[in-house]
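Asker: First the structure, then my questions, so here it is.
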Amino acid sequence: MTSPSPAVAAPGAAPAHSQARPMTVREALSSPALLRTEVLAGLVVALAMIPEVLSFSALIGVSPAVGLFTAAIMAITLSVVGGRPAMVTAAAGATALVVAPVYQEHEAAAGNGLDYLVATVLLAGVLQVVLAALGVAKLMRFIPRSVMTGFVNALAILIFTAQMPHLLGPEASWMVWPLCAAGIALLIIVPRITTAIPAPLITIIVLTLFVVIARWDVADVADQGELPQSLPDLFIPHVPLTLATLQEIFPYALGMALVGLMETLLTAKLVDDVTDTHSSKPREAFGQGIGNIVAALFGGQGGCAMVGQTVVSVKDARARSRVSTFLAGTFLLILVVLAGDIIGRIPMVALAAVMIMVCVSTVDWHSVRPSTLRRMPIPETLVMLVTVIATVLTHNLAVGVGLGVLTAIVLFARRVAHLVRIEPVWETDIDGDGTVDVRRYRVSGQLFFASSNDLVYQFDYAGDPATVIIDLTDADVWDASTVASLDAVQGKYRDRGKEARIIGLDGASAERLERLSGRLGA
């Protein structure tokens with residue numbers, strides 16, 4: 001599937017000098033070419049969301065209508081309040097995994113699982129708004145590139161494996177294989193002929209018509225569950241307003257809030273890179289909270305950014321503005337309510353073929369080339385592998401990213417800890433009589449808990465003269481562990497009747513030493 005380079009604007013796009021910011025709604029509406037691209041992108045994304053959303057609803061155990069309406073409502077809401085244009089937000093697998101136990105437990109016990117599910121999603125939305133106000137989006141700067149690479153590659157694997165039931169499942173027949181091959185061929189060939197209509201849309205239409213005309217018996221969208229016949233109503237969850245209820249749903253709500261924000265912000269950064277534009281991450285975090293609140297008020301299961309559908313939107317369909325996201329939600333509502341019978345005839349293998357090619361375009365192939373792996377430092381490759389393996393094993397992007405970041409922190413601390421150098425220098429004839437009066441230790445590097453723990457063993461307490469200078473001009477003091485180590489060094493010299501003076505610090509390091517020295521206990 002051929003995708004335009006991020007640096008190349010879509011036909012009719014604004015001049016290159018304006019590409020530092022996303023396309024505005026006014027710009028999209030003022031150009032027929034751009035508007036056509038946005039409309040077609042919205043339609044493609046709406047179709048691509050259906051199989052994923054249905055599977056996530058099944059994962060929780062709710063009816064297909066819950067997931068479909070969640071997807072439509074969140075897409076429309078985020079097109080207004082979100083910070084990342086062209087990014088698709090809907091009912092997602094990562095959040096479904098978190099909240100599924102709440103629904104299943106209460107549905108089995110008292111038949112009120114949806115009430116507790118909606119209450120959990122409402123609370124998660126409120127928590128996301130609070131986290132956005134606290135600046136959680138700024139934490140994105142602490143996610144290394146190797147974790148981002150692992151996130152992208154793991155996502156491609158998860159999307160690919162999610163399509164396997166449509167090709168290898170018990171309901172799959174031999175007919176799905178030639179249909180899948182034909183779909184992939186269309187997705188490769190069509191962009192070489194025309195980009196006026198997105199290749200995924202042409203592929204879905206052609207395969208659907210073929211299956212209907214040939215009367216091939218393959219699984220279709222209607223087989224995944226009953227589609228809704230009317231628009232959703234307001235839904236107020238009937239749960240006890242007690243502390244016990246809050247204590248029960250809070251851990252799930254917090255988990256959903258954190259997982260949803262992490263996947264959303266990573267997706268937003270991915271789209272920033274693909275489109276060569278910058279978006280507001282704090283606004284996106286705030287918008288996610290509002291989107292979940294609105295979805296819950298209509299009985300939705302909540303969600304977050306959908307990376308696969310976002311890739312379809314921005315890379316395959318070349319969407320760049322909020323218009324495509326708004327239309328994706330609108331088209332989805334129209335399709336499932338007014339054209340449910342037609343949508344139900346779409347073969348699942350056609351949608352699977354689209355998502356398989358999304359996987360191909362999602363993988364960072366450069367990162368797994370042998371030449372790249374040979375040049376890349378081993379710790380960087382290890383961080384990427386940890387992220388991929390943890391994500392694939394847990395089917396949870398948040399767990400994978402969290403472990404990847406933790407691994408990166410540990411390896412970084414280990415590397416930096418070995419960069420501290422201590423150089424002893426004798427300073428002779430201080431008083432002009434040829435005697436040795438002072439010994440200077442020049443310390444260079446970053447002093448923190450990992451690098452300063454063995455600092456106390458680097459000095460010759462017995463052999464040094466009465467005066468010792470510890471020169472930290474080329475060093476920085478970062479934490480209380482380092483201050484405690486320096487206190488211990490001075491204490492050992494003091495016990496021998498000698499003086500150890502610390503010099504060379506300035507700024508925050510000097511302030512930290514002055515504030516903590518002698519106040520940290522034994």
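Residue numbering restarts at 1 in every chain; chains get A, B, ... in the order shown in the structure tokens, and ligands count up from 1 in that same order.
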Write out as JSON, numbers by chain all residues of segment 196-353 of chain A that DSSP puts in helix (DSSP H, G or I) for this structure's backbone.
Answerer: {"A": [199, 200, 201, 202, 203, 204, 205, 206, 207, 208, 209, 210, 211, 212, 213, 214, 221, 222, 223, 224, 243, 244, 245, 246, 247, 248, 249, 250, 251, 252, 253, 254, 255, 256, 257, 258, 259, 260, 261, 262, 263, 264, 265, 266, 267, 268, 269, 270, 271, 272, 273, 274, 275, 281, 282, 283, 284, 285, 286, 287, 288, 289, 290, 291, 292, 293, 294, 295, 296, 297, 307, 308, 309, 310, 311, 312, 313, 314, 315, 316, 322, 323, 324, 325, 326, 327, 328, 329, 330, 331, 332, 333, 334, 335, 336, 337, 338, 340, 341, 342, 343, 344, 348, 349, 350, 351, 352, 353]}
Asker: List the spatial neighbours of segment 178-186 of chain A as a tab-separated table (two decimals) with all heavy atoms, in the first residue's frame - criterion: any atom at most 12 Å away, only C-alpha atoms, same-chain residues fewer than 6 positions off excluded.
Answerer:
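Written out: around-v2.tsv:
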```tsv
chain	number	residue	atom	x	y	z
A	1	MET	N	0.85	-1.18	0.00
A	1	MET	CA	0.00	0.00	0.00
A	1	MET	C	0.89	1.24	0.00
A	1	MET	O	1.68	1.44	0.91
A	1	MET	CB	-0.88	0.01	1.27
A	1	MET	CG	-1.89	1.13	1.30
A	1	MET	SD	-2.92	1.00	2.80
A	1	MET	CE	-3.63	-0.63	2.55
A	2	THR	N	0.84	2.00	-1.02
A	2	THR	CA	1.73	3.15	-1.16
A	2	THR	C	1.19	4.31	-0.37
A	2	THR	O	0.04	4.69	-0.50
A	2	THR	CB	1.87	3.55	-2.63
A	2	THR	OG1	2.31	2.42	-3.36
A	2	THR	CG2	2.85	4.68	-2.79
A	163	GLN	N	-6.64	-10.24	12.93
A	163	GLN	CA	-7.32	-10.59	11.68
A	163	GLN	C	-7.32	-12.10	11.43
A	163	GLN	O	-8.08	-12.59	10.59
A	163	GLN	CB	-6.64	-9.90	10.48
A	163	GLN	CG	-6.38	-8.42	10.65
A	163	GLN	CD	-7.57	-7.66	11.20
A	163	GLN	OE1	-8.69	-7.80	10.71
A	163	GLN	NE2	-7.33	-6.85	12.22
A	164	MET	N	-6.50	-12.84	12.16
A	164	MET	CA	-6.37	-14.27	11.90
A	164	MET	C	-7.66	-15.07	12.09
A	164	MET	O	-7.92	-16.01	11.35
A	164	MET	CB	-5.24	-14.86	12.76
A	164	MET	CG	-3.84	-14.41	12.33
A	164	MET	SD	-3.47	-14.83	10.59
A	164	MET	CE	-3.80	-13.26	9.77
A	166	HIS	N	-10.52	-14.32	11.18
A	166	HIS	CA	-11.31	-14.21	9.96
A	166	HIS	C	-10.74	-15.08	8.83
A	166	HIS	O	-11.44	-15.38	7.86
A	166	HIS	CB	-11.36	-12.75	9.49
A	166	HIS	CG	-11.87	-11.81	10.53
A	166	HIS	ND1	-13.07	-12.00	11.18
A	166	HIS	CD2	-11.35	-10.67	11.04
A	166	HIS	CE1	-13.26	-11.02	12.05
A	166	HIS	NE2	-12.23	-10.21	11.98
A	167	LEU	N	-9.47	-15.49	8.98
A	167	LEU	CA	-8.83	-16.30	7.94
A	167	LEU	C	-8.62	-17.74	8.37
A	167	LEU	O	-8.61	-18.65	7.54
A	167	LEU	CB	-7.47	-15.68	7.57
A	167	LEU	CG	-7.48	-14.22	7.09
A	167	LEU	CD1	-6.06	-13.75	6.83
A	167	LEU	CD2	-8.34	-14.07	5.84
A	168	LEU	N	-8.44	-17.96	9.69
A	168	LEU	CA	-8.13	-19.30	10.18
A	168	LEU	C	-9.16	-19.82	11.17
A	168	LEU	O	-9.03	-20.95	11.66
A	168	LEU	CB	-6.74	-19.30	10.86
A	168	LEU	CG	-5.56	-18.85	9.99
A	168	LEU	CD1	-4.30	-18.74	10.85
A	168	LEU	CD2	-5.35	-19.82	8.84
A	172	ALA	N	-14.16	-19.82	9.04
A	172	ALA	CA	-13.50	-19.44	7.79
A	172	ALA	C	-13.47	-20.63	6.83
A	172	ALA	O	-13.16	-21.76	7.22
A	172	ALA	CB	-12.08	-18.95	8.07
A	192	ARG	N	-1.49	2.92	-7.53
A	192	ARG	CA	-0.63	3.18	-8.68
A	192	ARG	C	-1.43	3.70	-9.88
A	192	ARG	O	-0.87	4.28	-10.80
A	192	ARG	CB	0.12	1.90	-9.08
A	192	ARG	CG	0.95	1.31	-7.96
A	192	ARG	CD	1.57	-0.02	-8.38
A	192	ARG	NE	2.26	-0.68	-7.28
A	192	ARG	CZ	3.54	-0.45	-6.95
A	192	ARG	NH1	4.25	0.40	-7.67
A	192	ARG	NH2	4.08	-1.07	-5.93
A	193	ILE	N	-2.74	3.45	-9.84
A	193	ILE	CA	-3.60	3.90	-10.93
A	193	ILE	C	-4.26	5.23	-10.60
A	193	ILE	O	-4.28	6.15	-11.43
A	193	ILE	CB	-4.68	2.83	-11.23
A	193	ILE	CG1	-4.01	1.51	-11.63
A	193	ILE	CG2	-5.63	3.30	-12.31
A	193	ILE	CD1	-4.98	0.35	-11.77
A	194	THR	N	-4.80	5.35	-9.39
A	194	THR	CA	-5.48	6.59	-8.99
A	194	THR	C	-5.44	6.73	-7.48
A	194	THR	O	-5.44	5.73	-6.75
A	194	THR	CB	-6.95	6.59	-9.44
A	194	THR	OG1	-7.58	7.79	-8.99
A	194	THR	CG2	-7.71	5.41	-8.87
A	198	PRO	N	-9.80	6.45	-2.15
A	198	PRO	CA	-8.91	5.62	-1.33
A	198	PRO	C	-8.99	4.15	-1.73
A	198	PRO	O	-10.08	3.60	-1.95
A	198	PRO	CB	-9.42	5.84	0.10
A	198	PRO	CG	-10.10	7.18	0.05
A	198	PRO	CD	-10.69	7.28	-1.32
A	199	ALA	N	-7.86	3.50	-1.81
A	199	ALA	CA	-7.81	2.09	-2.18
A	199	ALA	C	-8.62	1.20	-1.24
A	199	ALA	O	-9.27	0.25	-1.71
A	199	ALA	CB	-6.35	1.62	-2.24
A	200	PRO	N	-8.61	1.44	0.08
A	200	PRO	CA	-9.43	0.58	0.94
A	200	PRO	C	-10.92	0.62	0.60
A	200	PRO	O	-11.60	-0.41	0.67
A	200	PRO	CB	-9.17	1.15	2.35
A	200	PRO	CG	-7.83	1.79	2.26
A	200	PRO	CD	-7.78	2.36	0.87
A	201	LEU	N	-11.43	1.80	0.23
A	201	LEU	CA	-12.85	1.91	-0.12
A	201	LEU	C	-13.15	1.10	-1.38
A	201	LEU	O	-14.15	0.37	-1.45
A	201	LEU	CB	-13.23	3.37	-0.31
A	201	LEU	CG	-14.70	3.65	-0.65
A	201	LEU	CD1	-15.61	3.09	0.42
A	201	LEU	CD2	-14.93	5.15	-0.82
A	202	ILE	N	-12.31	1.22	-2.39
A	202	ILE	CA	-12.50	0.46	-3.63
A	202	ILE	C	-12.43	-1.04	-3.34
A	202	ILE	O	-13.25	-1.83	-3.84
A	202	ILE	CB	-11.44	0.86	-4.67
A	202	ILE	CG1	-11.65	2.32	-5.10
A	202	ILE	CG2	-11.49	-0.08	-5.87
A	202	ILE	CD1	-10.62	2.82	-6.08
A	203	THR	N	-11.49	-1.44	-2.51
A	203	THR	CA	-11.33	-2.85	-2.17
A	203	THR	C	-12.57	-3.41	-1.49
A	203	THR	O	-13.06	-4.50	-1.83
A	203	THR	CB	-10.10	-3.04	-1.27
A	203	THR	OG1	-8.93	-2.56	-1.95
A	203	THR	CG2	-9.91	-4.50	-0.90
A	204	ILE	N	-13.10	-2.68	-0.52
A	204	ILE	CA	-14.28	-3.14	0.21
A	204	ILE	C	-15.48	-3.27	-0.73
A	204	ILE	O	-16.22	-4.25	-0.69
A	204	ILE	CB	-14.59	-2.18	1.38
A	204	ILE	CG1	-13.49	-2.28	2.44
A	204	ILE	CG2	-15.96	-2.47	1.99
A	204	ILE	CD1	-13.58	-1.21	3.52
A	205	ILE	N	-15.67	-2.28	-1.60
A	205	ILE	CA	-16.80	-2.30	-2.53
A	205	ILE	C	-16.68	-3.46	-3.51
A	205	ILE	O	-17.64	-4.22	-3.74
A	205	ILE	CB	-16.92	-0.96	-3.27
A	205	ILE	CG1	-17.30	0.16	-2.29
A	205	ILE	CG2	-17.95	-1.06	-4.38
A	205	ILE	CD1	-17.28	1.54	-2.91
A	206	VAL	N	-15.50	-3.63	-4.12
A	206	VAL	CA	-15.30	-4.67	-5.13
A	206	VAL	C	-15.50	-6.07	-4.53
A	206	VAL	O	-16.22	-6.91	-5.10
A	206	VAL	CB	-13.90	-4.55	-5.76
A	206	VAL	CG1	-13.59	-5.78	-6.61
A	206	VAL	CG2	-13.81	-3.29	-6.59
A	207	LEU	N	-14.91	-6.33	-3.37
A	207	LEU	CA	-15.04	-7.65	-2.77
A	207	LEU	C	-16.46	-7.93	-2.31
A	207	LEU	O	-16.95	-9.07	-2.41
A	207	LEU	CB	-14.07	-7.80	-1.60
A	207	LEU	CG	-12.57	-7.83	-1.95
A	207	LEU	CD1	-11.74	-8.14	-0.71
A	207	LEU	CD2	-12.27	-8.84	-3.05
A	208	THR	N	-17.13	-6.89	-1.80
A	208	THR	CA	-18.52	-7.08	-1.37
A	208	THR	C	-19.41	-7.42	-2.56
A	208	THR	O	-20.23	-8.35	-2.49
A	208	THR	CB	-19.04	-5.81	-0.67
A	208	THR	OG1	-18.22	-5.51	0.46
A	208	THR	CG2	-20.48	-6.00	-0.20
A	209	LEU	N	-19.26	-6.69	-3.64
A	209	LEU	CA	-20.06	-6.97	-4.84
A	209	LEU	C	-19.77	-8.37	-5.38
A	209	LEU	O	-20.70	-9.09	-5.78
A	209	LEU	CB	-19.77	-5.92	-5.92
A	209	LEU	CG	-20.30	-4.51	-5.64
A	209	LEU	CD1	-19.84	-3.55	-6.72
A	209	LEU	CD2	-21.84	-4.52	-5.55
A	210	PHE	N	-18.52	-8.75	-5.38
A	210	PHE	CA	-18.17	-10.09	-5.88
A	210	PHE	C	-18.82	-11.18	-5.05
A	210	PHE	O	-19.39	-12.15	-5.57
A	210	PHE	CB	-16.65	-10.27	-5.90
A	210	PHE	CG	-16.22	-11.63	-6.35
A	210	PHE	CD1	-16.11	-11.92	-7.69
A	210	PHE	CD2	-15.96	-12.65	-5.43
A	210	PHE	CE1	-15.73	-13.20	-8.12
A	210	PHE	CE2	-15.58	-13.91	-5.84
A	210	PHE	CZ	-15.47	-14.18	-7.19
A	211	VAL	N	-18.72	-11.05	-3.71
A	211	VAL	CA	-19.28	-12.07	-2.82
A	211	VAL	C	-20.79	-12.15	-2.98
A	211	VAL	O	-21.38	-13.25	-3.01
A	211	VAL	CB	-18.89	-11.77	-1.36
A	211	VAL	CG1	-19.70	-12.64	-0.40
A	211	VAL	CG2	-17.41	-11.99	-1.14
A	214	ALA	N	-21.52	-13.61	-6.62
A	214	ALA	CA	-21.11	-15.02	-6.71
A	214	ALA	C	-21.78	-15.90	-5.66
A	214	ALA	O	-21.69	-17.13	-5.75
A	214	ALA	CB	-19.60	-15.13	-6.58
A	216	TRP	N	-20.97	-16.38	-2.59
A	216	TRP	CA	-20.02	-17.13	-1.78
A	216	TRP	C	-20.42	-17.03	-0.32
A	216	TRP	O	-20.76	-15.96	0.18
A	216	TRP	CB	-18.61	-16.58	-1.99
A	216	TRP	CG	-17.96	-17.09	-3.24
A	216	TRP	CD1	-18.59	-17.66	-4.32
A	216	TRP	CD2	-16.57	-17.10	-3.52
A	216	TRP	NE1	-17.68	-18.01	-5.28
A	216	TRP	CE2	-16.41	-17.69	-4.81
A	216	TRP	CE3	-15.44	-16.69	-2.84
A	216	TRP	CZ2	-15.17	-17.85	-5.40
A	216	TRP	CZ3	-14.20	-16.84	-3.43
A	216	TRP	CH2	-14.05	-17.43	-4.70
A	217	ASP	N	-20.35	-18.14	0.36
A	217	ASP	CA	-20.75	-18.19	1.76
A	217	ASP	C	-19.54	-17.92	2.66
A	217	ASP	O	-18.80	-18.84	3.04
A	217	ASP	CB	-21.35	-19.55	2.08
A	217	ASP	CG	-21.88	-19.62	3.51
A	217	ASP	OD1	-22.06	-18.55	4.11
A	217	ASP	OD2	-22.10	-20.74	4.01
A	218	VAL	N	-19.32	-16.65	2.93
A	218	VAL	CA	-18.22	-16.26	3.83
A	218	VAL	C	-18.80	-15.38	4.93
A	218	VAL	O	-19.85	-14.77	4.78
A	218	VAL	CB	-17.11	-15.50	3.07
A	218	VAL	CG1	-16.44	-16.40	2.04
A	218	VAL	CG2	-17.66	-14.25	2.41
A	219	ALA	N	-18.09	-15.34	6.06
A	219	ALA	CA	-18.54	-14.53	7.20
A	219	ALA	C	-18.59	-13.05	6.82
A	219	ALA	O	-17.70	-12.54	6.15
A	219	ALA	CB	-17.61	-14.74	8.38
A	347	PRO	N	-18.11	-8.56	3.52
A	347	PRO	CA	-17.37	-9.73	4.04
A	347	PRO	C	-16.26	-9.31	4.99
A	347	PRO	O	-15.54	-8.34	4.73
A	347	PRO	CB	-16.81	-10.38	2.77
A	347	PRO	CG	-16.77	-9.29	1.76
A	347	PRO	CD	-17.90	-8.36	2.08
A	348	MET	N	-16.12	-10.03	6.07
A	348	MET	CA	-15.09	-9.69	7.05
A	348	MET	C	-13.69	-9.82	6.45
A	348	MET	O	-12.77	-9.12	6.85
A	348	MET	CB	-15.23	-10.61	8.26
A	348	MET	CG	-16.50	-10.41	9.06
A	348	MET	SD	-16.68	-8.73	9.72
A	348	MET	CE	-15.30	-8.67	10.84
A	349	VAL	N	-13.53	-10.68	5.46
A	349	VAL	CA	-12.21	-10.86	4.86
A	349	VAL	C	-11.77	-9.59	4.13
A	349	VAL	O	-10.57	-9.30	4.04
A	349	VAL	CB	-12.20	-12.07	3.92
A	349	VAL	CG1	-13.12	-11.86	2.73
A	349	VAL	CG2	-10.79	-12.37	3.45
A	350	ALA	N	-12.72	-8.81	3.60
A	350	ALA	CA	-12.37	-7.56	2.93
A	350	ALA	C	-11.79	-6.58	3.93
A	350	ALA	O	-10.78	-5.90	3.67
A	350	ALA	CB	-13.60	-6.96	2.24
A	351	LEU	N	-12.42	-6.49	5.10
A	351	LEU	CA	-11.92	-5.60	6.14
A	351	LEU	C	-10.60	-6.12	6.70
A	351	LEU	O	-9.70	-5.35	7.05
A	351	LEU	CB	-12.96	-5.46	7.24
A	351	LEU	CG	-14.31	-4.89	6.78
A	351	LEU	CD1	-15.34	-4.97	7.89
A	351	LEU	CD2	-14.16	-3.46	6.31
A	352	ALA	N	-10.48	-7.45	6.78
A	352	ALA	CA	-9.23	-8.04	7.26
A	352	ALA	C	-8.08	-7.73	6.30
A	352	ALA	O	-6.96	-7.44	6.74
A	352	ALA	CB	-9.39	-9.55	7.42
A	353	ALA	N	-8.34	-7.76	5.00
A	353	ALA	CA	-7.29	-7.45	4.02
A	353	ALA	C	-6.81	-6.02	4.19
A	353	ALA	O	-5.60	-5.73	4.12
A	353	ALA	CB	-7.82	-7.66	2.60
A	354	VAL	N	-7.75	-5.10	4.43
A	354	VAL	CA	-7.38	-3.69	4.66
A	354	VAL	C	-6.48	-3.58	5.88
A	354	VAL	O	-5.43	-2.91	5.86
A	354	VAL	CB	-8.63	-2.82	4.81
A	354	VAL	CG1	-8.24	-1.40	5.24
A	354	VAL	CG2	-9.43	-2.77	3.51
A	355	MET	N	-6.86	-4.25	6.97
A	355	MET	CA	-6.09	-4.13	8.20
A	355	MET	C	-4.73	-4.82	8.09
A	355	MET	O	-3.76	-4.39	8.71
A	355	MET	CB	-6.89	-4.72	9.37
A	355	MET	CG	-8.21	-4.00	9.65
A	355	MET	SD	-8.06	-2.19	9.75
A	355	MET	CE	-6.99	-1.99	11.16
A	356	ILE	N	-4.64	-5.89	7.30
A	356	ILE	CA	-3.34	-6.54	7.09
A	356	ILE	C	-2.37	-5.58	6.40
A	356	ILE	O	-1.19	-5.47	6.77
A	356	ILE	CB	-3.51	-7.83	6.27
A	356	ILE	CG1	-4.16	-8.91	7.13
A	356	ILE	CG2	-2.16	-8.32	5.73
A	356	ILE	CD1	-4.52	-10.17	6.38
A	357	MET	N	-2.85	-4.85	5.41
A	357	MET	CA	-1.99	-3.87	4.74
A	357	MET	C	-1.69	-2.69	5.65
A	357	MET	O	-0.63	-2.06	5.53
A	357	MET	CB	-2.64	-3.41	3.45
A	357	MET	CG	-2.69	-4.47	2.37
A	357	MET	SD	-1.06	-5.21	2.03
A	357	MET	CE	-0.20	-3.80	1.35
A	358	VAL	N	-2.59	-2.40	6.57
A	358	VAL	CA	-2.29	-1.38	7.59
A	358	VAL	C	-1.10	-1.84	8.43
A	358	VAL	O	-0.22	-1.05	8.76
A	358	VAL	CB	-3.53	-1.12	8.48
A	358	VAL	CG1	-3.13	-0.32	9.73
A	358	VAL	CG2	-4.59	-0.37	7.70
A	359	CYS	N	-1.07	-3.12	8.76
A	359	CYS	CA	0.07	-3.66	9.52
A	359	CYS	C	1.38	-3.46	8.76
A	359	CYS	O	2.39	-3.06	9.35
A	359	CYS	CB	-0.14	-5.15	9.79
A	359	CYS	SG	-1.60	-5.53	10.74
A	360	VAL	N	1.34	-3.76	7.47
A	360	VAL	CA	2.55	-3.63	6.66
A	360	VAL	C	3.07	-2.21	6.66
A	360	VAL	O	4.28	-1.96	6.75
A	360	VAL	CB	2.27	-4.11	5.21
A	360	VAL	CG1	3.47	-3.85	4.32
A	360	VAL	CG2	1.90	-5.59	5.20
```
Asker: What does the structure give for the distance between atom CA of Arg415 of chain A and atom CA of Arg512 of chain A, in Å to one decimal?
Answerer: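 Answer for the atom CA of Arg415 of chain A to atom CA of Arg512 of chain A separation: 23.6 Å.
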Asker: Need the shell around Gly67 of chain A: protein/DNA/RNA residues with any atom at most 7 Å away, counting only C-alpha atoms. Skip same-chain ones fewer than 3 positions apart. Format as JSON, numbers by chain?
Answerer: {"A": [53, 54, 57, 64, 70, 71, 91, 300, 301]}
Asker: So how many Å separate atom CA of Ala268 of chain A and atom CA of Phe286 of chain A, to one decimal?
Answerer: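 These two atoms are separated by 13.3 Å.
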Asker: Can you work out which one of A:Leu385, A:Leu297, A:Met175, A:Ala46 has the shortest atom-to-atom distance to Ser367 of chain A, counting only C-alpha atoms?
Answerer: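 Selected residue with least distance to Ser367 of chain A: A:Leu385.
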Asker: Do a neighbour search on segment 482-484 of chain A at 9 Å with only C-alpha atoms, toss out local chain neighbours closer than 3 positions, and write the hits as a PyMOL selection string.
Answerer: chain A and resi 447-449+451-453+455+477-479+487-489+512-513+516-522
Asker: Which neighbours of Met23 of chain A fall inside 7 Å, counting only C-alpha atoms, when residues of the same chain fewer than 2 positions from it are skipped, and could you give them as a ChimeraX atom specification?
Answerer: /A:21,25,27-28,320-321
Asker: Near segment 222-232 of chain A, within 6 Å and counting only C-alpha atoms, which residues show up once chain neighbours fewer than 2 positions away are dropped, as an MDAnalysis selection string?
Answerer: chainID A and resid 64:65 220 337 344
Asker: Set the distance at 12 Å and use only C-alpha atoms: which residues neighbour segment 401-406 of chain A once local chain neighbours fewer than 2 positions away are removed? I'd like the list as a VMD selection string.
Answerer: chain A and resid 139 to 155 258 to 259 262 to 263 265 to 266 379 to 392 394 to 399 408 to 413
Asker: Hey, what does DSSP flag as strand (DSSP E or B) within segment 396-426 of chain A? Can you give it to me as an MDAnalysis selection string?
Answerer: chainID A and resid 421:426
Asker: For Gly135 of chain A, which residue out of A:Ile422, A:Leu261, A:Leu117, A:Ile50 is the nearest one, using only C-alpha atoms?
Answerer: A:Leu261
Asker: One decimal, Å: what's the distance from atom CA of Ile342 of chain A over to atom CA of Val66 of chain A, could you say?
Answerer: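 Rounded to one decimal, the two atoms are 19.7 Å apart.
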Asker: Taking into account only C-alpha atoms, which residue in the set A:Gly42, A:Pro32, A:Gly491, A:Pro165 is nearest to Ser324 of chain A?
Answerer: A:Gly42
Asker: Compile a residue-level contact table for segment 391-440 of chain A against segment 497-507 of chain A at a cut-off of 10 Å, reporting for every qualifying residue the shortest atom pair and its distance in Å to one decimal, with only C-alpha atoms counted, rows ordered by chain and ascending number, as JSON lines.
Answerer:
```
{"residue": "A:Val438", "atom": "CA", "partner": "A:Ala500", "partner_atom": "CA", "distance": 9.9}
{"residue": "A:Arg439", "atom": "CA", "partner": "A:Ala500", "partner_atom": "CA", "distance": 9.6}
{"residue": "A:Arg440", "atom": "CA", "partner": "A:Arg501", "partner_atom": "CA", "distance": 9.5}
```
Asker: Taking into account only C-alpha atoms, which residue in the set A:Leu393, A:Val221, A:Ala317, A:Ala108 is nearest to Ile157 of chain A?
Answerer: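 Nearest candidate to Ile157 of chain A out of A:Leu393, A:Val221, A:Ala317, A:Ala108: A:Leu393.
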